[in-house]
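What follows is one structure encoded as structure tokens, with my remarks underneath.
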Amino acid sequence: MKTKVCLAITKGVWGGAQEYVYTLATSLPRDTYDVCVICGEGQTLQDKLTSLGIKVINIPSLTRDIFFVNEIKSFFNLLTIIRRESPDILHLNSSKMGLLGGLVGRLIGVKKIIFTAHGWAFNESRPWIVRKIFYYTQWLTVLLSHTTIAVSQKTKHDIRKLLWIKDKIKVIHNGVAPIDFVSKIDAREHVRQLVRLSHTTEIMIGTISELHSNKGLDLLIDACRNLPYNTSVYIIGDGEEKERLQEKIEGYELEHKVFLVGRVEEA
């Protein structure tokens with residue numbers, strides 16, 4: 001009999017946490033595991049998984065931003081889905097899914113609840129009272145799970161002082177498959193074509209990131225005002241902050257120096 005695994009994540013866009021879920025979902029042997037993925041807003045993760053024949057259940061009310069009515073809807077949707085799927089293992093990713101899924105899993109009596117902490121919401125730039133609330137809700141998330149995976153020692157260290165969770169957190173670093181890098185010359189040429197430039201500068205700075213407020217890309221753009229003339233910056237990725245970052249670039253008149261490349265497959 002196959003082991004039923006439900007992998008759940010708040011957003012169905014494409015970022016580091018989503019790639020983590022995708023890798024787990026597509027790597028588990030299908031003769032041993034029956035896998036389904038639950039996700040909220042965003043289409044990319046769902047499209048990638050369904051194209052490979054993996055079951056995906058979407059919850060439209062599940063978004064990263066907090067709206068009380070949506071959270072109630074999402075909770076009862078999760079309750080219905082997880083009760084119906086009846087997983088042996090419920091693997092939760094991201095802060096909101098971790099808390100809602102943990103509550104549902106405990107109510108239903110899921111035998112194994114795992115939460116992966118890719119980072120903590122209380123470390124984001126928010127008012128101190130909000131960060132304090134997040135601190136204790138994240139503690140509750142860890143308490144609700146049977147095991148919490150931290151992707152780095154710092155992630156584990158940040159929450160170490162809270163009671164009753166010390167032995168529940170295991171550090172498992174993200175694996176990276178060998179990368180067949182193209183040459184520097186070819187990479188520069190590819191980026192030049194993507195942003196439709198006639199030529200590139202002598203020094204190129206690049207980053208790959210979801211365009212999200214907690215990535216600090218606005219700080220990178222601030223710093224670009226002080227770069228020398230022979231330097232340019234290329235930000236690969238997509239996300240909700242795209243318009244705001246583009247406005248910042250234009251406000252500083254850095255269109256000739258800072259470029260939002262967009263999402264690139266296998267970047």
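Chain labels follow the order of the structure tokens: the first chain is A, the next B, and so on; residue numbering restarts at 1 in every chain, and ligands are counted from 1 in their shown order.
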
Practice item. Tell me, as a PyMOL selection string, which residues lie within 12 Å of Phe181 of chain A, counting only C-alpha atoms; anything in the same chain fewer than 6 positions away does not count. Key: chain A and resi 187+266-267

Export of prior selection with C-alpha atoms as a compact mmCIF listing (two decimals), in the first residue's frame:
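Dumped everything to again_31.txt:
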```
# COMPACT_ATOMS: atom_id res chain seq x y z
CA ALA A 187 25.90 34.12 -20.32
CA GLU A 266 16.85 27.32 -15.38
CA ALA A 267 18.34 30.72 -14.61
```

Check your understanding: If you run DSSP on the backbone, which residues of segment 105-187 of chain A are strand (DSSP E or B), as a list in words?
Key -> Lys112, Ile113, Ile114, Phe115, Thr116, Ala117, Thr147, Thr148, Ile149, Ala150, Ile169, Lys170 and Val171 of chain A

Exercise for review: Kindly give the distance, in Å, that separates atom CA of Phe67 of chain A and atom CA of Lys96 of chain A, rounded to a single decimal.
Suggested key: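 So the two atoms, atom CA of Phe67 of chain A and atom CA of Lys96 of chain A, lie 11.5 Å apart.
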
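Each of A:Ser198, A:Gly206, A:Trp120, A:His157 was checked against Phe134 of chain A using only C-alpha atoms; the smallest atom-to-atom distance is that of A:Trp120.
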
Can you pull out every residue within 6 Å of segment 83-90 of chain A, counting only C-alpha atoms, but drop anything in the same chain fewer than 4 positions away, and send it as a short mmCIF file (atom, residue, chain, number, x, y, z; two decimals) with N, CA and C atoms, in the first residue's frame?
```
data_model
loop_
_atom_site.label_atom_id
_atom_site.label_comp_id
_atom_site.auth_asym_id
_atom_site.auth_seq_id
_atom_site.Cartn_x
_atom_site.Cartn_y
_atom_site.Cartn_z
N LYS A 4 0.55 7.93 1.49
CA LYS A 4 -0.08 9.14 0.94
C LYS A 4 0.59 10.38 1.54
N VAL A 5 1.11 11.25 0.66
CA VAL A 5 1.79 12.46 1.09
C VAL A 5 1.09 13.67 0.50
N CYS A 6 0.74 14.62 1.36
CA CYS A 6 0.22 15.91 0.90
C CYS A 6 1.27 16.98 1.19
N LEU A 79 -9.55 21.96 5.76
CA LEU A 79 -10.16 20.91 6.57
C LEU A 79 -10.85 19.88 5.68
N LYS A 111 -1.08 11.46 11.07
CA LYS A 111 -0.05 10.75 11.83
C LYS A 111 1.30 11.46 11.86
N LYS A 112 1.63 12.16 10.76
CA LYS A 112 2.94 12.83 10.71
C LYS A 112 2.77 14.18 10.04
N ILE A 113 3.04 15.25 10.79
CA ILE A 113 2.97 16.61 10.26
C ILE A 113 4.38 17.20 10.27
#
```

Check your understanding: Which residue, A:Leu45, A:Leu194, A:Ile185, A:Ile38, has the smallest gap to Ile59 of chain A when you use only C-alpha atoms?
Key ->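 Nearest candidate to Ile59 of chain A out of A:Leu45, A:Leu194, A:Ile185, A:Ile38: A:Ile38.
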